[in-house]
Protein chains: 2
Amino acid sequence: MKGNAVVAQSGGPTAVINASACGVIQTILANPKTFTGVFGGLNGILGVLNEELYDIGKEDPAEVDRLRRTPSAALGSCRHKLKDINKERGDYERILEVFKAHGVRYFFYIGGNDSMDTADKLGRLAAETDYDLIVMGVPKTIDNDLAFTDHCPGFGSVAKFNATAVMEAGLDTEALYTHDTVTVNEVMGRNAGWIAAATALARRSPEDAPHIILLPEVPFEIEKFTARVGQCLKEFKRCFIACGEGSKTPDGKYLGEAGGSFATDAFGHTQLGGAGEAVRRIIENEIGVKTRTNRAGTAQRNAMHFASKTDADEAYMVGKAAVEAAIKGASGKMVTLQRISNDPYQCTTSLVELEKVANGEKMVPAEFISENGFGVTEAFRAYATPLILGEAPLEIAPDGLPVYARLAKHMLPKKTGARK
Amino acid sequence: MKGNAVVAQSGGPTAVINASACGVIQTILANPKTFTGVFGGLNGILGVLNEELYDIGKEDPAEVDRLRRTPSAALGSCRHKLKDINKERGDYERILEVFKAHGVRYFFYIGGNDSMDTADKLGRLAAETDYDLIVMGVPKTIDNDLAFTDHCPGFGSVAKFNATAVMEAGLDTEALYTHDTVTVNEVMGRNAGWIAAATALARRSPEDAPHIILLPEVPFEIEKFTARVGQCLKEFKRCFIACGEGSKTPDGKYLGEAGGSFATDAFGHTQLGGAGEAVRRIIENEIGVKTRTNRAGTAQRNAMHFASKTDADEAYMVGKAAVEAAIKGASGKMVTLQRISNDPYQCTTSLVELEKVANGEKMVPAEFISENGFGVTEAFRAYATPLILGEAPLEIAPDGLPVYARLAKHMLPKKTGARK
């Protein structure tokens with residue numbers, strides 16, 4: 001089937017989601033017999049709903065190639081969840097209206113669970129209404145929580161950066177333990193603890209940071225935690241904690257939101273904030289040692305300056321594989337990564353139904369969590385280490401800083417009326 | 001004069017303070033006619049007070065060489081301020097007692113203002129009591145606030161990392177502006193705004209982050225600030241703010257500590273926290289757009305994984321120069337960096353009296369601050385850019401993460417009684 005393609009990005013940016021976009025775009029451009037044009041959706045599905053499409057074919061090919069070395073989401077992203085199609089079909093019909101107006105026969109959506117759900121529903125509605133549309137999902141999430149794929153593009157790079165930052169900040173705590181005795185380093189991962197777990201890769205010997213890892217999968221019990229901090233202080237004279245932002249109390253409340261002593265200052269005032277801040281207050285109140293908090297925030301998921309080459313290469317590979325599968329007629333599928341072997345590390349791609357991915361969420365399994373709940377097992381290290389290997393190429397300008405792409409985004413003239 | 005040398009580190013770690021230690025140690029080891037031994041002070045001057053000295057001559061030379069590529073303070077650091085020598089000479093006399101017991105005739109102290117003050121007082125007391133002791137200061141501070149030196153080792157690297165992190169997180173805000181519209185990235189610098197100013201290097205075009213820089217040198221006026229944020233939202237649909245942790249209200253209170261609406265949540269509860277959190281609350285309360293905060297914390301000053309080669313080389317150079325000057329008989333001096341030219345960038349070392357450095361503090365001067373107070377001038381860019389050039393060498397292990405040094409620290413037998 002010959003037609004135009006739309007590629008769009010969704011959800012939180014990563015260091016390598018642009019590498020996936022680059023894989024999609026360059027493979028489309030290499031197959032002009034199938035693809036008559038390639039358009040970007042400005043800010044994900046929002047751009048399609050608003051008929052804000054731009055012609056990627058008019059971009060400088062060098063800038064498109066630079067996407068492979070550019071963090072964040074250069075096509076523009078969004079956090080827009082479409083309404084349940086069973087209750088409200090309007091958004092989906094609007095998307096098809098825009099696609100029809102622009103001769104779009106291929107839709108490549110790079111994102112996580114919600115994006116796969118959107119793509120799936122859209123593909124089904126197109127089939128129902130006899131509009132030929134191929135929809136393909138390209139996996140992306142630093143959270144590494146998509147099911148049916150060995151791991152997710154984006155995870156290896158956030159893991160490599162955070163493990164390095166923990167190693168480096170751990171040396172700071174080691175040098176200054178007589179003053180700043182405990183450090184809590186909060187990392188992303190709202191539901192799954194993969195990112196927090198990956199900081200364990202920094203720990204080559206018992207005295208290395210992190211001494212304690214807090215995973216959302218392991219309910220936070222204050223007595224057990226403070227006892228473990230006390231042990232570390234006795235053994236190492238310091239304690240470095242990697243805290244997943246999604247860490248929860250036994251009754252399921254996020255630490256950063258929980259009430260009681262978890263989030264109350266000396267005056268009894270409620271203090272909201274991140275999990276790391278909550279853990280700091282617990283340590284200062286219960287143990288009485290000075291505690292610092294680090295939270296790289298959005299910088300961690302965009303740290304292309306020290307990204308995993310394995311991750312960047314695989315991100316490109318899944319984008320390319322999505323287009324190749326679409327050319328062969330696949331639709332309603334997401335590309336997955338399938339690990340063939342660990343030594344040497346080999347990984348290939350496969351396909352899975354979008355519907356399956358949309359409803360799954362992969363937490364850190366029990367066999368990857370150490371017995372005391374504050375660390376990881378050798379099995380996890382064997383799983384995660386290959387994903388952070390190699391340093392992704394970086395282009396440095398004469399001013400000493402990285403060069404990243406910014407697309408010109410030549411907007412297409414609108415052909416439909418305004419979104420209702 | 002022949003004798004032993006003590007080298008010690010003090011204050012907050014940096015990416016390159018170990019490079020300075022390496023410069024000191026390797027130059028000492030290369031001059032056995034002068035130096036009979038080289039000892040480390042465990043945790044700075046605290047280790048000398050406690051007679052906790054270790055024999056660096058027994059370290060593996062490869063591990064000593066690796067210090068040049070290792071962040072934090074591998075000798076051990078401290079935040080111990082000695083009492084005023086005019087009121088209490090005991091600590092200083094104790095240090096001399098320990099030095100005498102171990103035949104120490106050279107003291108190299110790597111640190112900031114306070115360390116230079118300590119070294120100065122110690123040198124004077126030694127002279128008064130007719131004990132031949134050469135004391136030399138080696139400058140170190142990410143804050144870049146030492147007087148009489150063009151810049152300070154440690155600054156170039158924290159500047160390079162933070163500018164990169166702001167560039168990368170800035171692309172995140174650019175991609176997700178429809179949801180996360182404002183980002184506040186807090187950086188270090190308790191009194192001087194050099195680090196915050198350096199994030200401006202990330203901004204190659206007006207739409208690049210950071211759009212607003214908050215410097216401790218410029219009093220924070222809430223109306224002026226919110227107006228500027230509003231302008232950015234209008235112009236760029238997003239706003240990225242680099243906030244110096246030492247930013248203050250017009251009456252001199254730190255933003256993070258200030259009362260009133262600055263630190264009060266919707267319920268009127270006082271919320272303590274960093275300057276970045278205070279700025280986030282102001283934006284959410286006054287403008288009503290979702291705001292995220294990033295704060296790399298101690299990770300920023302140890303980011304050897306993307307450190308400035310210029311900075312690392314100069315850090316080694318000042319350490320080497322301190323020893324070479326001591327061999328020639330200099331004492332009571334700190335090594336300074338003197339810029340010869342900017343294009344090509346050339347820099348050499350000189351010496352200044354410790355006493356002068358101890359009492360100076362160099363803030364960001366008015367000619368480096370833009371007229372509206374929210375940015376920097378071209379003169380600042382010309383000053384700072386050469387300092388971040390080049391990437392310091394990094395050793396990566398087969399596990400994909402950096403290899404950093406840890407000294408064995410073979411402790412010397414104690415020869416004096418316990419510290420009184």
# chains A, B, ... in the order shown; residues from 1 in each chain; ligands from 1
>>> interface_residues(of="chain A", to="chain B", cutoff="7 Å", atoms="only C-alpha atoms", output="ChimeraX atom specification")
/A:13,71-74,76-79,164-165,168-169,171-172,175-176,178-179,269,271,293-299,302-303,385,388-390,399-401
>>> select_by_dssp(residues="region 116-242 of chain B", states="strand (DSSP E)", output="list in words")
Ile134, Val135, Met136, Gly137, Val138, Pro139, Val182, Thr183, Val184, Asn185, Glu186, Val187, Ile212, Ile213, Leu214, Cys239, Phe240, Ile241 and Ala242 of chain B
>>> write_last_selection(atoms="N, CA and C atoms", output="compact mmCIF listing (two decimals), in the first residue's frame")
# COMPACT_ATOMS: atom_id res chain seq x y z
N ILE B 134 57.16 24.90 55.66
CA ILE B 134 56.69 25.57 54.44
C ILE B 134 55.23 25.20 54.23
N VAL B 135 54.36 26.21 54.14
CA VAL B 135 52.94 25.94 53.88
C VAL B 135 52.55 26.54 52.54
N MET B 136 51.87 25.75 51.76
CA MET B 136 51.43 26.22 50.44
C MET B 136 49.95 25.89 50.24
N GLY B 137 49.23 26.83 49.68
CA GLY B 137 47.82 26.62 49.39
C GLY B 137 47.60 26.29 47.92
N VAL B 138 46.68 25.36 47.69
CA VAL B 138 46.30 24.99 46.32
C VAL B 138 44.81 25.29 46.18
N PRO B 139 44.44 26.17 45.24
CA PRO B 139 43.04 26.61 45.18
C PRO B 139 42.11 25.52 44.69
N VAL B 182 6.98 24.76 32.99
CA VAL B 182 8.14 25.46 33.56
C VAL B 182 9.03 24.45 34.29
N THR B 183 10.33 24.61 34.15
CA THR B 183 11.27 23.80 34.92
C THR B 183 12.25 24.72 35.64
N VAL B 184 12.45 24.43 36.91
CA VAL B 184 13.44 25.16 37.71
C VAL B 184 14.58 24.20 38.02
N ASN B 185 15.76 24.54 37.57
CA ASN B 185 16.92 23.69 37.79
C ASN B 185 17.84 24.39 38.80
N GLU B 186 17.87 23.87 40.01
CA GLU B 186 18.69 24.50 41.06
C GLU B 186 20.14 24.03 40.95
N VAL B 187 21.06 24.98 41.01
CA VAL B 187 22.49 24.63 40.99
C VAL B 187 23.17 25.21 42.23
N ILE B 212 15.82 32.12 32.08
CA ILE B 212 16.00 33.02 33.23
C ILE B 212 17.08 32.40 34.12
N ILE B 213 17.99 33.24 34.59
CA ILE B 213 19.00 32.80 35.55
C ILE B 213 18.83 33.63 36.82
N LEU B 214 18.77 32.94 37.96
CA LEU B 214 18.66 33.65 39.23
C LEU B 214 20.01 33.58 39.94
N CYS B 239 9.17 27.93 29.99
CA CYS B 239 10.19 28.73 30.65
C CYS B 239 11.10 27.81 31.43
N PHE B 240 12.39 27.94 31.20
CA PHE B 240 13.38 27.14 31.92
C PHE B 240 14.23 28.09 32.75
N ILE B 241 14.28 27.82 34.04
CA ILE B 241 14.95 28.72 34.97
C ILE B 241 16.13 28.00 35.63
N ALA B 242 17.30 28.60 35.58
CA ALA B 242 18.45 28.10 36.33
C ALA B 242 18.55 28.94 37.59
>>> closest_atom_pairs(of="region 297-413 of chain B", to="region 107-115 of chain B", cutoff="10 Å", atoms="only C-alpha atoms", output="tab-separated table")
residue	atom	partner	partner_atom	distance
B:Val318	CA	B:Ile110	CA	9.8
B:Gly319	CA	B:Ile110	CA	8.3
B:Ala322	CA	B:Phe108	CA	7.6
B:Val323	CA	B:Phe108	CA	7.9
B:Ala326	CA	B:Phe108	CA	9.2
B:Ser331	CA	B:Phe107	CA	9.5
B:Met334	CA	B:Tyr109	CA	9.2
B:Leu354	CA	B:Asn113	CA	8.9
B:Glu355	CA	B:Asn113	CA	9.4
B:Lys356	CA	B:Asn113	CA	9.6
B:Val357	CA	B:Asn113	CA	6.3
B:Ala358	CA	B:Asn113	CA	4.6
B:Asn359	CA	B:Asn113	CA	7.1
B:Gly360	CA	B:Asn113	CA	7.5
B:Glu361	CA	B:Asn113	CA	8.0
>>> write_last_selection(atoms="N, CA, C and O atoms", output="PDB file, in the first residue's frame")
ATOM      1  N   VAL B 318      48.146  23.444  39.059  1.00  0.00           N
ATOM      2  CA  VAL B 318      48.298  24.242  40.295  1.00  0.00           C
ATOM      3  C   VAL B 318      48.903  23.397  41.415  1.00  0.00           C
ATOM      4  O   VAL B 318      49.667  23.910  42.244  1.00  0.00           O
ATOM      5  N   GLY B 319      48.582  22.104  41.435  1.00  0.00           N
ATOM      6  CA  GLY B 319      49.190  21.221  42.438  1.00  0.00           C
ATOM      7  C   GLY B 319      50.697  21.108  42.221  1.00  0.00           C
ATOM      8  O   GLY B 319      51.496  21.215  43.161  1.00  0.00           O
ATOM      9  N   ALA B 322      52.523  24.319  43.126  1.00  0.00           N
ATOM     10  CA  ALA B 322      52.673  24.541  44.565  1.00  0.00           C
ATOM     11  C   ALA B 322      53.934  23.855  45.077  1.00  0.00           C
ATOM     12  O   ALA B 322      54.695  24.422  45.871  1.00  0.00           O
ATOM     13  N   VAL B 323      54.160  22.635  44.610  1.00  0.00           N
ATOM     14  CA  VAL B 323      55.340  21.890  45.064  1.00  0.00           C
ATOM     15  C   VAL B 323      56.613  22.516  44.500  1.00  0.00           C
ATOM     16  O   VAL B 323      57.617  22.683  45.210  1.00  0.00           O
ATOM     17  N   ALA B 326      57.423  25.520  46.450  1.00  0.00           N
ATOM     18  CA  ALA B 326      57.916  25.156  47.789  1.00  0.00           C
ATOM     19  C   ALA B 326      59.380  24.734  47.728  1.00  0.00           C
ATOM     20  O   ALA B 326      60.189  25.076  48.601  1.00  0.00           O
ATOM     21  N   SER B 331      56.735  30.125  50.651  1.00  0.00           N
ATOM     22  CA  SER B 331      55.871  29.654  51.734  1.00  0.00           C
ATOM     23  C   SER B 331      54.836  30.715  52.034  1.00  0.00           C
ATOM     24  O   SER B 331      55.029  31.896  51.725  1.00  0.00           O
ATOM     25  N   MET B 334      49.451  30.994  48.094  1.00  0.00           N
ATOM     26  CA  MET B 334      48.560  30.123  47.333  1.00  0.00           C
ATOM     27  C   MET B 334      48.884  30.284  45.857  1.00  0.00           C
ATOM     28  O   MET B 334      49.185  31.398  45.403  1.00  0.00           O
ATOM     29  N   LEU B 354      48.717  33.928  51.194  1.00  0.00           N
ATOM     30  CA  LEU B 354      47.548  33.219  51.733  1.00  0.00           C
ATOM     31  C   LEU B 354      46.601  34.178  52.443  1.00  0.00           C
ATOM     32  O   LEU B 354      45.379  34.069  52.319  1.00  0.00           O
ATOM     33  N   GLU B 355      47.181  35.105  53.208  1.00  0.00           N
ATOM     34  CA  GLU B 355      46.361  36.015  54.006  1.00  0.00           C
ATOM     35  C   GLU B 355      45.381  36.796  53.130  1.00  0.00           C
ATOM     36  O   GLU B 355      44.234  37.004  53.508  1.00  0.00           O
ATOM     37  N   LYS B 356      45.876  37.218  51.963  1.00  0.00           N
ATOM     38  CA  LYS B 356      45.009  37.997  51.070  1.00  0.00           C
ATOM     39  C   LYS B 356      43.822  37.161  50.595  1.00  0.00           C
ATOM     40  O   LYS B 356      42.693  37.630  50.546  1.00  0.00           O
ATOM     41  N   VAL B 357      44.099  35.903  50.206  1.00  0.00           N
ATOM     42  CA  VAL B 357      43.035  35.042  49.697  1.00  0.00           C
ATOM     43  C   VAL B 357      42.022  34.731  50.787  1.00  0.00           C
ATOM     44  O   VAL B 357      40.811  34.697  50.554  1.00  0.00           O
ATOM     45  N   ALA B 358      42.535  34.525  52.010  1.00  0.00           N
ATOM     46  CA  ALA B 358      41.676  34.091  53.115  1.00  0.00           C
ATOM     47  C   ALA B 358      40.543  35.068  53.363  1.00  0.00           C
ATOM     48  O   ALA B 358      39.452  34.675  53.773  1.00  0.00           O
ATOM     49  N   ASN B 359      40.805  36.338  53.109  1.00  0.00           N
ATOM     50  CA  ASN B 359      39.797  37.343  53.449  1.00  0.00           C
ATOM     51  C   ASN B 359      39.011  37.859  52.256  1.00  0.00           C
ATOM     52  O   ASN B 359      38.189  38.767  52.400  1.00  0.00           O
ATOM     53  N   GLY B 360      39.261  37.308  51.065  1.00  0.00           N
ATOM     54  CA  GLY B 360      38.564  37.811  49.887  1.00  0.00           C
ATOM     55  C   GLY B 360      37.446  36.880  49.461  1.00  0.00           C
ATOM     56  O   GLY B 360      37.460  35.696  49.753  1.00  0.00           O
ATOM     57  N   GLU B 361      36.472  37.425  48.770  1.00  0.00           N
ATOM     58  CA  GLU B 361      35.411  36.599  48.175  1.00  0.00           C
ATOM     59  C   GLU B 361      34.994  37.301  46.891  1.00  0.00           C
ATOM     60  O   GLU B 361      34.634  38.476  46.917  1.00  0.00           O
TER      61      GLU B 361
END
>>> select_by_dssp(residues="region 60-145 of chain A", states="alpha helix (DSSP H)", output="PyMOL selection string")
chain A and resi 61-66+90-101+113-128
>>> write_last_selection(atoms="C-alpha atoms", output="PDB file, in the first residue's frame")
ATOM      1  CA  PRO A  61      18.908  15.268   6.207  1.00  0.00           C
ATOM      2  CA  ALA A  62      21.930  16.078   8.390  1.00  0.00           C
ATOM      3  CA  GLU A  63      19.615  17.388  11.108  1.00  0.00           C
ATOM      4  CA  VAL A  64      17.472  14.251  10.817  1.00  0.00           C
ATOM      5  CA  ASP A  65      20.612  12.151  11.190  1.00  0.00           C
ATOM      6  CA  ARG A  66      21.580  14.199  14.250  1.00  0.00           C
ATOM      7  CA  GLY A  90     -14.868  11.463  18.789  1.00  0.00           C
ATOM      8  CA  ASP A  91     -11.112  11.796  19.283  1.00  0.00           C
ATOM      9  CA  TYR A  92     -10.414   8.648  17.295  1.00  0.00           C
ATOM     10  CA  GLU A  93     -12.729   9.677  14.489  1.00  0.00           C
ATOM     11  CA  ARG A  94     -11.030  13.056  14.392  1.00  0.00           C
ATOM     12  CA  ILE A  95      -7.627  11.404  14.014  1.00  0.00           C
ATOM     13  CA  LEU A  96      -8.870   9.335  11.105  1.00  0.00           C
ATOM     14  CA  GLU A  97     -10.386  12.463   9.579  1.00  0.00           C
ATOM     15  CA  VAL A  98      -6.973  14.170   9.683  1.00  0.00           C
ATOM     16  CA  PHE A  99      -5.217  11.065   8.373  1.00  0.00           C
ATOM     17  CA  LYS A 100      -7.661  10.762   5.476  1.00  0.00           C
ATOM     18  CA  ALA A 101      -7.293  14.445   4.604  1.00  0.00           C
ATOM     19  CA  ASN A 113       1.564   1.662  27.440  1.00  0.00           C
ATOM     20  CA  ASP A 114      -0.902   4.467  26.871  1.00  0.00           C
ATOM     21  CA  SER A 115       0.459   5.219  23.419  1.00  0.00           C
ATOM     22  CA  MET A 116       0.207   1.556  22.467  1.00  0.00           C
ATOM     23  CA  ASP A 117      -3.385   1.582  23.650  1.00  0.00           C
ATOM     24  CA  THR A 118      -4.120   4.677  21.516  1.00  0.00           C
ATOM     25  CA  ALA A 119      -2.492   3.120  18.453  1.00  0.00           C
ATOM     26  CA  ASP A 120      -4.364  -0.125  19.012  1.00  0.00           C
ATOM     27  CA  LYS A 121      -7.782   1.542  19.290  1.00  0.00           C
ATOM     28  CA  LEU A 122      -7.060   3.703  16.281  1.00  0.00           C
ATOM     29  CA  GLY A 123      -6.116   0.691  14.172  1.00  0.00           C
ATOM     30  CA  ARG A 124      -9.324  -1.109  15.148  1.00  0.00           C
ATOM     31  CA  LEU A 125     -11.534   1.867  14.353  1.00  0.00           C
ATOM     32  CA  ALA A 126      -9.843   2.244  10.969  1.00  0.00           C
ATOM     33  CA  ALA A 127     -10.539  -1.424  10.202  1.00  0.00           C
ATOM     34  CA  GLU A 128     -14.155  -1.080  11.342  1.00  0.00           C
TER      35      GLU A 128
END
>>> residues_around(residues="Ala366 (chain A)", least_positions_apart="3", cutoff="12 Å", atoms="only C-alpha atoms", output="list in words")
Gly193, Leu215, Glu217, Val218, Lys362, Met363, Ile369, Ser370, Glu371, Asn372, Gly373, Gly375, Val376, Thr377, Ala379 and Phe380 of chain A
>>> write_last_selection(atoms="N, CA, C and O atoms", output="PDB file, in the first residue's frame")
ATOM      1  N   GLY A 193      10.479  -0.200  39.791  1.00  0.00           N
ATOM      2  CA  GLY A 193      11.751   0.215  40.385  1.00  0.00           C
ATOM      3  C   GLY A 193      12.975  -0.076  39.540  1.00  0.00           C
ATOM      4  O   GLY A 193      14.097  -0.103  40.052  1.00  0.00           O
ATOM      5  N   LEU A 215      12.919   0.416  46.459  1.00  0.00           N
ATOM      6  CA  LEU A 215      12.153   0.080  45.263  1.00  0.00           C
ATOM      7  C   LEU A 215      10.662   0.196  45.539  1.00  0.00           C
ATOM      8  O   LEU A 215      10.200  -0.202  46.610  1.00  0.00           O
ATOM      9  N   GLU A 217       8.569  -1.689  44.519  1.00  0.00           N
ATOM     10  CA  GLU A 217       8.064  -3.058  44.663  1.00  0.00           C
ATOM     11  C   GLU A 217       8.149  -3.567  46.109  1.00  0.00           C
ATOM     12  O   GLU A 217       7.528  -4.573  46.456  1.00  0.00           O
ATOM     13  N   VAL A 218       8.949  -2.896  46.930  1.00  0.00           N
ATOM     14  CA  VAL A 218       9.155  -3.349  48.314  1.00  0.00           C
ATOM     15  C   VAL A 218       8.564  -2.300  49.255  1.00  0.00           C
ATOM     16  O   VAL A 218       9.080  -1.185  49.334  1.00  0.00           O
ATOM     17  N   LYS A 362       5.304  -4.288  33.661  1.00  0.00           N
ATOM     18  CA  LYS A 362       6.296  -5.230  34.168  1.00  0.00           C
ATOM     19  C   LYS A 362       7.055  -4.634  35.340  1.00  0.00           C
ATOM     20  O   LYS A 362       7.835  -3.705  35.173  1.00  0.00           O
ATOM     21  N   MET A 363       6.809  -5.142  36.525  1.00  0.00           N
ATOM     22  CA  MET A 363       7.525  -4.680  37.709  1.00  0.00           C
ATOM     23  C   MET A 363       8.832  -5.452  37.829  1.00  0.00           C
ATOM     24  O   MET A 363       9.037  -6.474  37.161  1.00  0.00           O
ATOM     25  N   ILE A 369      15.379  -9.037  43.242  1.00  0.00           N
ATOM     26  CA  ILE A 369      15.456  -8.224  44.473  1.00  0.00           C
ATOM     27  C   ILE A 369      16.130  -9.043  45.565  1.00  0.00           C
ATOM     28  O   ILE A 369      15.790 -10.206  45.790  1.00  0.00           O
ATOM     29  N   SER A 370      17.112  -8.430  46.247  1.00  0.00           N
ATOM     30  CA  SER A 370      17.854  -9.152  47.284  1.00  0.00           C
ATOM     31  C   SER A 370      16.927  -9.504  48.441  1.00  0.00           C
ATOM     32  O   SER A 370      15.875  -8.895  48.628  1.00  0.00           O
ATOM     33  N   GLU A 371      17.368 -10.473  49.249  1.00  0.00           N
ATOM     34  CA  GLU A 371      16.516 -11.005  50.299  1.00  0.00           C
ATOM     35  C   GLU A 371      16.019  -9.934  51.275  1.00  0.00           C
ATOM     36  O   GLU A 371      14.863  -9.940  51.678  1.00  0.00           O
ATOM     37  N   ASN A 372      16.911  -8.997  51.646  1.00  0.00           N
ATOM     38  CA  ASN A 372      16.486  -7.970  52.610  1.00  0.00           C
ATOM     39  C   ASN A 372      15.658  -6.852  51.968  1.00  0.00           C
ATOM     40  O   ASN A 372      15.174  -5.967  52.658  1.00  0.00           O
ATOM     41  N   GLY A 373      15.520  -6.905  50.645  1.00  0.00           N
ATOM     42  CA  GLY A 373      14.677  -5.910  49.978  1.00  0.00           C
ATOM     43  C   GLY A 373      15.364  -4.596  49.677  1.00  0.00           C
ATOM     44  O   GLY A 373      14.779  -3.714  49.046  1.00  0.00           O
ATOM     45  N   GLY A 375      18.340  -4.229  48.009  1.00  0.00           N
ATOM     46  CA  GLY A 375      19.343  -4.321  46.962  1.00  0.00           C
ATOM     47  C   GLY A 375      18.870  -5.244  45.859  1.00  0.00           C
ATOM     48  O   GLY A 375      17.695  -5.601  45.787  1.00  0.00           O
ATOM     49  N   VAL A 376      19.789  -5.610  44.977  1.00  0.00           N
ATOM     50  CA  VAL A 376      19.436  -6.474  43.847  1.00  0.00           C
ATOM     51  C   VAL A 376      20.268  -7.743  43.880  1.00  0.00           C
ATOM     52  O   VAL A 376      21.233  -7.851  44.636  1.00  0.00           O
ATOM     53  N   THR A 377      19.894  -8.684  43.055  1.00  0.00           N
ATOM     54  CA  THR A 377      20.604  -9.960  42.981  1.00  0.00           C
ATOM     55  C   THR A 377      21.588  -9.961  41.809  1.00  0.00           C
ATOM     56  O   THR A 377      21.562  -9.068  40.961  1.00  0.00           O
ATOM     57  N   ALA A 379      21.407 -11.960  39.452  1.00  0.00           N
ATOM     58  CA  ALA A 379      20.588 -12.159  38.246  1.00  0.00           C
ATOM     59  C   ALA A 379      20.198 -10.802  37.648  1.00  0.00           C
ATOM     60  O   ALA A 379      20.186 -10.630  36.424  1.00  0.00           O
ATOM     61  N   PHE A 380      19.897  -9.831  38.520  1.00  0.00           N
ATOM     62  CA  PHE A 380      19.580  -8.501  37.985  1.00  0.00           C
ATOM     63  C   PHE A 380      20.796  -7.884  37.321  1.00  0.00           C
ATOM     64  O   PHE A 380      20.699  -7.293  36.237  1.00  0.00           O
TER      65      PHE A 380
END
>>> residues_around(residues="Thr249 (chain A)", least_positions_apart="3", cutoff="6 Å", atoms="only C-alpha atoms", output="list in words")
Pro219, Phe220, Gly252 and Lys253 of chain A
>>> residues_around(residues="Leu337 (chain B)", least_positions_apart="2", cutoff="7 Å", atoms="only C-alpha atoms", output="list in words")
Thr149, Asp150, His151, Val335, Arg339, Cys347, Thr348, Thr349 and Ser350 of chain B
>>> atom_distance(atom1="CA of Leu255 (chain A)", atom2="CA of Ile282 (chain B)")
23.7 Å
>>> atom_distance(atom1="CA of Phe368 (chain B)", atom2="CA of Ala278 (chain B)")
25.5 Å
>>> residues_around(residues="Thr226 (chain B)", least_positions_apart="4", cutoff="9 Å", atoms="only C-alpha atoms", output="count of residues only")
8
>>> residues_around(residues="Asn4 (chain A)", least_positions_apart="2", cutoff="10 Å", atoms="only C-alpha atoms", output="VMD selection string")
chain A and resid 1 to 2 6 28 32 34 to 39 99 to 100 102 to 107
>>> closest_residue(among="A:Val229, A:Ala321, A:Ala312, A:Ala5", to="Gly288 (chain A)", atoms="only C-alpha atoms")
A:Val229
